[in-house]
Amino acid sequence: MELINCGRCGKLQVQRPDTLCRDCLEIYISESLVIKEFIKMNPGATVMDVVLHTGYSLKRINETIEQYKI
Ligand SMILES: [Zn+2]
């Protein structure tokens with residue numbers, strides 16, 4: 001059983017396919033939902049609009065867009 005640090009909070013956890021611990025994964029998923037919802041409600045929005053509206057980092061938003069092929 002291999003232990004790794006969570007990619008977000010650094011908490012030690014058993015290695016899994018993703019690098020986030022359970023708590024961070026939950027936050028990650030809810031952030032993704034906020035981003036998805038905002039883009040759905042504002043089809044003409046740019047990534048910068050999403051940054052300003054959600055307060056999340058550009059990297060974080062691009063990650064979600066990539067992941068969901070928005
Ligand atoms: Zn974590």
# chains A, B, ... in the order shown; residues from 1 in each chain; ligands from 1
>>> select_by_dssp(residues="chain A", states="strand (DSSP E or B)", output="ChimeraX atom specification")
/A:3-5,12-14
>>> write_last_selection(atoms="N, CA, C and O atoms", output="short mmCIF file (atom, residue, chain, number, x, y, z; two decimals), in the first residue's frame")
data_model
loop_
_atom_site.label_atom_id
_atom_site.label_comp_id
_atom_site.auth_asym_id
_atom_site.auth_seq_id
_atom_site.Cartn_x
_atom_site.Cartn_y
_atom_site.Cartn_z
N LEU A 3 1.66 5.31 -0.04
CA LEU A 3 1.06 6.56 0.41
C LEU A 3 1.58 7.73 -0.42
O LEU A 3 2.76 7.79 -0.74
N ILE A 4 0.68 8.63 -0.77
CA ILE A 4 1.08 9.85 -1.48
C ILE A 4 0.46 11.05 -0.78
O ILE A 4 -0.45 10.89 0.04
N ASN A 5 0.95 12.24 -1.11
CA ASN A 5 0.35 13.45 -0.56
C ASN A 5 -0.75 13.92 -1.50
O ASN A 5 -0.60 13.86 -2.72
N LEU A 12 -1.70 13.15 3.71
CA LEU A 12 -1.22 11.83 3.30
C LEU A 12 -2.42 10.92 3.04
O LEU A 12 -3.37 10.90 3.80
N GLN A 13 -2.37 10.19 1.95
CA GLN A 13 -3.48 9.30 1.62
C GLN A 13 -2.96 8.09 0.87
O GLN A 13 -1.87 8.10 0.34
N VAL A 14 -3.79 7.06 0.84
CA VAL A 14 -3.44 5.86 0.08
C VAL A 14 -3.52 6.21 -1.40
O VAL A 14 -4.43 6.90 -1.83
#
>>> closest_atom_pairs(of="chain A", to="ligand 1", cutoff="8 Å", atoms="only C-alpha atoms and all ligand atoms", output="Markdown table")
| residue | atom | partner | partner_atom_place_in_ligand_line | distance |
| --- | --- | --- | --- | --- |
| A:Asn5 | CA | ligand 1 | 1 (Zn) | 7.9 |
| A:Cys6 | CA | ligand 1 | 1 (Zn) | 4.6 |
| A:Gly7 | CA | ligand 1 | 1 (Zn) | 6.5 |
| A:Arg8 | CA | ligand 1 | 1 (Zn) | 5.0 |
| A:Cys9 | CA | ligand 1 | 1 (Zn) | 4.1 |
| A:Gly10 | CA | ligand 1 | 1 (Zn) | 5.8 |
| A:Lys11 | CA | ligand 1 | 1 (Zn) | 5.4 |
| A:Leu20 | CA | ligand 1 | 1 (Zn) | 5.3 |
| A:Cys21 | CA | ligand 1 | 1 (Zn) | 4.2 |
| A:Arg22 | CA | ligand 1 | 1 (Zn) | 6.7 |
| A:Asp23 | CA | ligand 1 | 1 (Zn) | 5.7 |
| A:Cys24 | CA | ligand 1 | 1 (Zn) | 4.3 |
| A:Leu25 | CA | ligand 1 | 1 (Zn) | 7.2 |
>>> write_last_selection(atoms="N, CA, C and O atoms", output="CSV table (one decimal), in the first residue's frame")
chain,number,residue,atom,x,y,z
A,5,ASN,N,1.0,12.2,-1.1
A,5,ASN,CA,0.3,13.4,-0.6
A,5,ASN,C,-0.7,13.9,-1.5
A,5,ASN,O,-0.6,13.9,-2.7
A,6,CYS,N,-1.8,14.4,-0.9
A,6,CYS,CA,-2.9,15.0,-1.7
A,6,CYS,C,-2.4,16.1,-2.6
A,6,CYS,O,-1.6,16.9,-2.1
A,7,GLY,N,-2.8,16.2,-3.8
A,7,GLY,CA,-2.3,17.2,-4.7
A,7,GLY,C,-2.7,18.6,-4.3
A,7,GLY,O,-2.3,19.6,-4.9
A,8,ARG,N,-3.7,18.7,-3.4
A,8,ARG,CA,-4.2,20.0,-3.1
A,8,ARG,C,-3.9,20.5,-1.7
A,8,ARG,O,-3.3,21.5,-1.4
A,9,CYS,N,-4.2,19.6,-0.7
A,9,CYS,CA,-4.0,20.0,0.7
A,9,CYS,C,-2.7,19.4,1.3
A,9,CYS,O,-2.3,19.7,2.4
A,10,GLY,N,-2.2,18.4,0.6
A,10,GLY,CA,-0.9,17.8,1.1
A,10,GLY,C,-1.1,16.7,2.1
A,10,GLY,O,-0.2,16.1,2.5
A,11,LYS,N,-2.4,16.4,2.4
A,11,LYS,CA,-2.7,15.3,3.4
A,11,LYS,C,-2.2,14.0,2.8
A,11,LYS,O,-2.4,13.7,1.6
A,20,LEU,N,-6.1,13.6,-5.5
A,20,LEU,CA,-6.7,14.3,-4.4
A,20,LEU,C,-7.3,13.4,-3.3
A,20,LEU,O,-7.8,12.3,-3.6
A,21,CYS,N,-7.3,13.9,-2.1
A,21,CYS,CA,-7.9,13.2,-1.0
A,21,CYS,C,-9.4,13.3,-1.1
A,21,CYS,O,-9.9,14.1,-1.9
A,22,ARG,N,-10.1,12.6,-0.3
A,22,ARG,CA,-11.6,12.6,-0.5
A,22,ARG,C,-12.2,14.0,-0.3
A,22,ARG,O,-13.1,14.4,-1.0
A,23,ASP,N,-11.7,14.7,0.7
A,23,ASP,CA,-12.2,16.1,1.0
A,23,ASP,C,-12.0,17.0,-0.2
A,23,ASP,O,-12.9,17.7,-0.6
A,24,CYS,N,-10.8,17.0,-0.7
A,24,CYS,CA,-10.5,17.9,-1.8
A,24,CYS,C,-11.2,17.5,-3.0
A,24,CYS,O,-11.6,18.3,-3.8
A,25,LEU,N,-11.4,16.2,-3.2
A,25,LEU,CA,-12.1,15.7,-4.4
A,25,LEU,C,-13.6,16.3,-4.4
A,25,LEU,O,-14.1,16.7,-5.4
>>> closest_residue(among="A:Glu2, A:Ser30, A:Ile35, A:Asp18", to="A:Ile70", atoms="only C-alpha atoms")
A:Ile35
>>> residues_around(residues="A:His53", least_positions_apart="5", cutoff="10 Å", atoms="only C-alpha atoms", output="ChimeraX atom specification")
/A:34-35,38,47-48
>>> atom_distance(atom1="atom CA of A:Gln15", atom2="atom CA of A:Gly55")
29.8 Å
>>> closest_residue(among="A:Arg16, A:Tyr68, A:Lys59, A:Pro43", to="A:Ile29", atoms="only C-alpha atoms")
A:Tyr68
>>> atom_distance(atom1="atom CA of A:Glu37", atom2="atom CA of A:Val50")
10.3 Å
>>> select_by_dssp(residues="chain A", states="helix (DSSP H, G or I)", output="ChimeraX atom specification")
/A:22-41,47-54,58-68
>>> atom_distance(atom1="atom CA of A:Thr19", atom2="atom CA of A:Leu52")
27.0 Å
>>> decode(residues="stretch 18-51 of chain A", atoms="N, CA, C and O atoms", output="PDB file, in the first residue's frame")
ATOM      1  N   ASP A  18      -6.607   9.222  -8.859  1.00  0.00           N
ATOM      2  CA  ASP A  18      -6.469  10.672  -8.832  1.00  0.00           C
ATOM      3  C   ASP A  18      -5.623  11.037  -7.627  1.00  0.00           C
ATOM      4  O   ASP A  18      -5.450  10.241  -6.715  1.00  0.00           O
ATOM      5  N   THR A  19      -5.087  12.265  -7.634  1.00  0.00           N
ATOM      6  CA  THR A  19      -4.126  12.615  -6.601  1.00  0.00           C
ATOM      7  C   THR A  19      -4.748  13.418  -5.468  1.00  0.00           C
ATOM      8  O   THR A  19      -4.038  13.908  -4.595  1.00  0.00           O
ATOM      9  N   LEU A  20      -6.073  13.556  -5.471  1.00  0.00           N
ATOM     10  CA  LEU A  20      -6.719  14.336  -4.419  1.00  0.00           C
ATOM     11  C   LEU A  20      -7.307  13.429  -3.343  1.00  0.00           C
ATOM     12  O   LEU A  20      -7.790  12.339  -3.634  1.00  0.00           O
ATOM     13  N   CYS A  21      -7.267  13.910  -2.095  1.00  0.00           N
ATOM     14  CA  CYS A  21      -7.896  13.152  -1.019  1.00  0.00           C
ATOM     15  C   CYS A  21      -9.414  13.332  -1.129  1.00  0.00           C
ATOM     16  O   CYS A  21      -9.901  14.142  -1.913  1.00  0.00           O
ATOM     17  N   ARG A  22     -10.140  12.589  -0.336  1.00  0.00           N
ATOM     18  CA  ARG A  22     -11.599  12.592  -0.460  1.00  0.00           C
ATOM     19  C   ARG A  22     -12.204  13.989  -0.259  1.00  0.00           C
ATOM     20  O   ARG A  22     -13.075  14.409  -1.013  1.00  0.00           O
ATOM     21  N   ASP A  23     -11.714  14.714   0.746  1.00  0.00           N
ATOM     22  CA  ASP A  23     -12.236  16.062   1.029  1.00  0.00           C
ATOM     23  C   ASP A  23     -12.016  16.985  -0.160  1.00  0.00           C
ATOM     24  O   ASP A  23     -12.922  17.693  -0.589  1.00  0.00           O
ATOM     25  N   CYS A  24     -10.797  16.959  -0.686  1.00  0.00           N
ATOM     26  CA  CYS A  24     -10.466  17.858  -1.777  1.00  0.00           C
ATOM     27  C   CYS A  24     -11.204  17.462  -3.042  1.00  0.00           C
ATOM     28  O   CYS A  24     -11.565  18.322  -3.841  1.00  0.00           O
ATOM     29  N   LEU A  25     -11.428  16.183  -3.222  1.00  0.00           N
ATOM     30  CA  LEU A  25     -12.146  15.726  -4.403  1.00  0.00           C
ATOM     31  C   LEU A  25     -13.565  16.281  -4.380  1.00  0.00           C
ATOM     32  O   LEU A  25     -14.095  16.705  -5.407  1.00  0.00           O
ATOM     33  N   GLU A  26     -14.157  16.303  -3.200  1.00  0.00           N
ATOM     34  CA  GLU A  26     -15.512  16.844  -3.063  1.00  0.00           C
ATOM     35  C   GLU A  26     -15.537  18.329  -3.427  1.00  0.00           C
ATOM     36  O   GLU A  26     -16.422  18.795  -4.140  1.00  0.00           O
ATOM     37  N   ILE A  27     -14.558  19.076  -2.920  1.00  0.00           N
ATOM     38  CA  ILE A  27     -14.459  20.504  -3.230  1.00  0.00           C
ATOM     39  C   ILE A  27     -14.240  20.671  -4.731  1.00  0.00           C
ATOM     40  O   ILE A  27     -14.871  21.499  -5.376  1.00  0.00           O
ATOM     41  N   TYR A  28     -13.359  19.839  -5.261  1.00  0.00           N
ATOM     42  CA  TYR A  28     -13.021  19.903  -6.684  1.00  0.00           C
ATOM     43  C   TYR A  28     -14.269  19.706  -7.540  1.00  0.00           C
ATOM     44  O   TYR A  28     -14.518  20.447  -8.487  1.00  0.00           O
ATOM     45  N   ILE A  29     -15.065  18.714  -7.182  1.00  0.00           N
ATOM     46  CA  ILE A  29     -16.275  18.418  -7.950  1.00  0.00           C
ATOM     47  C   ILE A  29     -17.274  19.564  -7.843  1.00  0.00           C
ATOM     48  O   ILE A  29     -17.866  19.976  -8.846  1.00  0.00           O
ATOM     49  N   SER A  30     -17.429  20.137  -6.654  1.00  0.00           N
ATOM     50  CA  SER A  30     -18.399  21.227  -6.523  1.00  0.00           C
ATOM     51  C   SER A  30     -17.908  22.470  -7.267  1.00  0.00           C
ATOM     52  O   SER A  30     -18.704  23.195  -7.854  1.00  0.00           O
ATOM     53  N   GLU A  31     -16.590  22.696  -7.300  1.00  0.00           N
ATOM     54  CA  GLU A  31     -16.050  23.811  -8.089  1.00  0.00           C
ATOM     55  C   GLU A  31     -16.344  23.597  -9.568  1.00  0.00           C
ATOM     56  O   GLU A  31     -16.740  24.517 -10.272  1.00  0.00           O
ATOM     57  N   SER A  32     -16.158  22.367 -10.015  1.00  0.00           N
ATOM     58  CA  SER A  32     -16.407  22.047 -11.415  1.00  0.00           C
ATOM     59  C   SER A  32     -17.861  22.318 -11.769  1.00  0.00           C
ATOM     60  O   SER A  32     -18.161  22.832 -12.849  1.00  0.00           O
ATOM     61  N   LEU A  33     -18.756  21.992 -10.857  1.00  0.00           N
ATOM     62  CA  LEU A  33     -20.181  22.215 -11.096  1.00  0.00           C
ATOM     63  C   LEU A  33     -20.483  23.700 -11.217  1.00  0.00           C
ATOM     64  O   LEU A  33     -21.258  24.115 -12.081  1.00  0.00           O
ATOM     65  N   VAL A  34     -19.872  24.511 -10.344  1.00  0.00           N
ATOM     66  CA  VAL A  34     -20.077  25.966 -10.394  1.00  0.00           C
ATOM     67  C   VAL A  34     -19.604  26.504 -11.745  1.00  0.00           C
ATOM     68  O   VAL A  34     -20.291  27.295 -12.393  1.00  0.00           O
ATOM     69  N   ILE A  35     -18.436  26.040 -12.184  1.00  0.00           N
ATOM     70  CA  ILE A  35     -17.870  26.494 -13.459  1.00  0.00           C
ATOM     71  C   ILE A  35     -18.766  26.067 -14.621  1.00  0.00           C
ATOM     72  O   ILE A  35     -19.112  26.866 -15.489  1.00  0.00           O
ATOM     73  N   LYS A  36     -19.175  24.809 -14.605  1.00  0.00           N
ATOM     74  CA  LYS A  36     -20.040  24.286 -15.671  1.00  0.00           C
ATOM     75  C   LYS A  36     -21.345  25.061 -15.745  1.00  0.00           C
ATOM     76  O   LYS A  36     -21.823  25.424 -16.810  1.00  0.00           O
ATOM     77  N   GLU A  37     -21.917  25.294 -14.574  1.00  0.00           N
ATOM     78  CA  GLU A  37     -23.198  25.988 -14.495  1.00  0.00           C
ATOM     79  C   GLU A  37     -23.069  27.418 -15.028  1.00  0.00           C
ATOM     80  O   GLU A  37     -23.912  27.879 -15.798  1.00  0.00           O
ATOM     81  N   PHE A  38     -21.996  28.096 -14.629  1.00  0.00           N
ATOM     82  CA  PHE A  38     -21.800  29.469 -15.083  1.00  0.00           C
ATOM     83  C   PHE A  38     -21.680  29.525 -16.608  1.00  0.00           C
ATOM     84  O   PHE A  38     -22.274  30.382 -17.257  1.00  0.00           O
ATOM     85  N   ILE A  39     -20.934  28.599 -17.183  1.00  0.00           N
ATOM     86  CA  ILE A  39     -20.739  28.593 -18.639  1.00  0.00           C
ATOM     87  C   ILE A  39     -22.049  28.265 -19.346  1.00  0.00           C
ATOM     88  O   ILE A  39     -22.373  28.846 -20.378  1.00  0.00           O
ATOM     89  N   LYS A  40     -22.825  27.389 -18.735  1.00  0.00           N
ATOM     90  CA  LYS A  40     -24.120  27.023 -19.318  1.00  0.00           C
ATOM     91  C   LYS A  40     -25.073  28.228 -19.326  1.00  0.00           C
ATOM     92  O   LYS A  40     -25.775  28.471 -20.301  1.00  0.00           O
ATOM     93  N   MET A  41     -25.056  28.984 -18.237  1.00  0.00           N
ATOM     94  CA  MET A  41     -25.948  30.130 -18.111  1.00  0.00           C
ATOM     95  C   MET A  41     -25.448  31.337 -18.915  1.00  0.00           C
ATOM     96  O   MET A  41     -26.205  32.242 -19.206  1.00  0.00           O
ATOM     97  N   ASN A  42     -24.156  31.359 -19.207  1.00  0.00           N
ATOM     98  CA  ASN A  42     -23.553  32.483 -19.936  1.00  0.00           C
ATOM     99  C   ASN A  42     -22.754  31.958 -21.121  1.00  0.00           C
ATOM    100  O   ASN A  42     -21.528  31.955 -21.098  1.00  0.00           O
ATOM    101  N   PRO A  43     -23.451  31.537 -22.160  1.00  0.00           N
ATOM    102  CA  PRO A  43     -22.777  30.874 -23.288  1.00  0.00           C
ATOM    103  C   PRO A  43     -21.703  31.739 -23.946  1.00  0.00           C
ATOM    104  O   PRO A  43     -20.750  31.218 -24.494  1.00  0.00           O
ATOM    105  N   GLY A  44     -21.856  33.072 -23.873  1.00  0.00           N
ATOM    106  CA  GLY A  44     -20.880  33.934 -24.530  1.00  0.00           C
ATOM    107  C   GLY A  44     -19.723  34.315 -23.623  1.00  0.00           C
ATOM    108  O   GLY A  44     -18.860  35.084 -24.021  1.00  0.00           O
ATOM    109  N   ALA A  45     -19.702  33.776 -22.419  1.00  0.00           N
ATOM    110  CA  ALA A  45     -18.684  34.183 -21.443  1.00  0.00           C
ATOM    111  C   ALA A  45     -17.296  33.719 -21.857  1.00  0.00           C
ATOM    112  O   ALA A  45     -17.137  32.641 -22.423  1.00  0.00           O
ATOM    113  N   THR A  46     -16.312  34.551 -21.554  1.00  0.00           N
ATOM    114  CA  THR A  46     -14.925  34.154 -21.789  1.00  0.00           C
ATOM    115  C   THR A  46     -14.389  33.509 -20.514  1.00  0.00           C
ATOM    116  O   THR A  46     -15.018  33.581 -19.451  1.00  0.00           O
ATOM    117  N   VAL A  47     -13.223  32.909 -20.639  1.00  0.00           N
ATOM    118  CA  VAL A  47     -12.609  32.284 -19.468  1.00  0.00           C
ATOM    119  C   VAL A  47     -12.377  33.332 -18.379  1.00  0.00           C
ATOM    120  O   VAL A  47     -12.563  33.067 -17.193  1.00  0.00           O
ATOM    121  N   MET A  48     -12.018  34.552 -18.799  1.00  0.00           N
ATOM    122  CA  MET A  48     -11.789  35.619 -17.820  1.00  0.00           C
ATOM    123  C   MET A  48     -13.074  35.973 -17.072  1.00  0.00           C
ATOM    124  O   MET A  48     -13.041  36.308 -15.888  1.00  0.00           O
ATOM    125  N   ASP A  49     -14.210  35.909 -17.776  1.00  0.00           N
ATOM    126  CA  ASP A  49     -15.490  36.142 -17.100  1.00  0.00           C
ATOM    127  C   ASP A  49     -15.695  35.100 -16.007  1.00  0.00           C
ATOM    128  O   ASP A  49     -16.177  35.404 -14.918  1.00  0.00           O
ATOM    129  N   VAL A  50     -15.350  33.874 -16.325  1.00  0.00           N
ATOM    130  CA  VAL A  50     -15.509  32.789 -15.347  1.00  0.00           C
ATOM    131  C   VAL A  50     -14.593  33.028 -14.147  1.00  0.00           C
ATOM    132  O   VAL A  50     -14.992  32.853 -12.993  1.00  0.00           O
ATOM    133  N   VAL A  51     -13.361  33.471 -14.430  1.00  0.00           N
ATOM    134  CA  VAL A  51     -12.410  33.768 -13.349  1.00  0.00           C
ATOM    135  C   VAL A  51     -12.992  34.842 -12.431  1.00  0.00           C
ATOM    136  O   VAL A  51     -13.019  34.690 -11.205  1.00  0.00           O
TER     137      VAL A  51
END
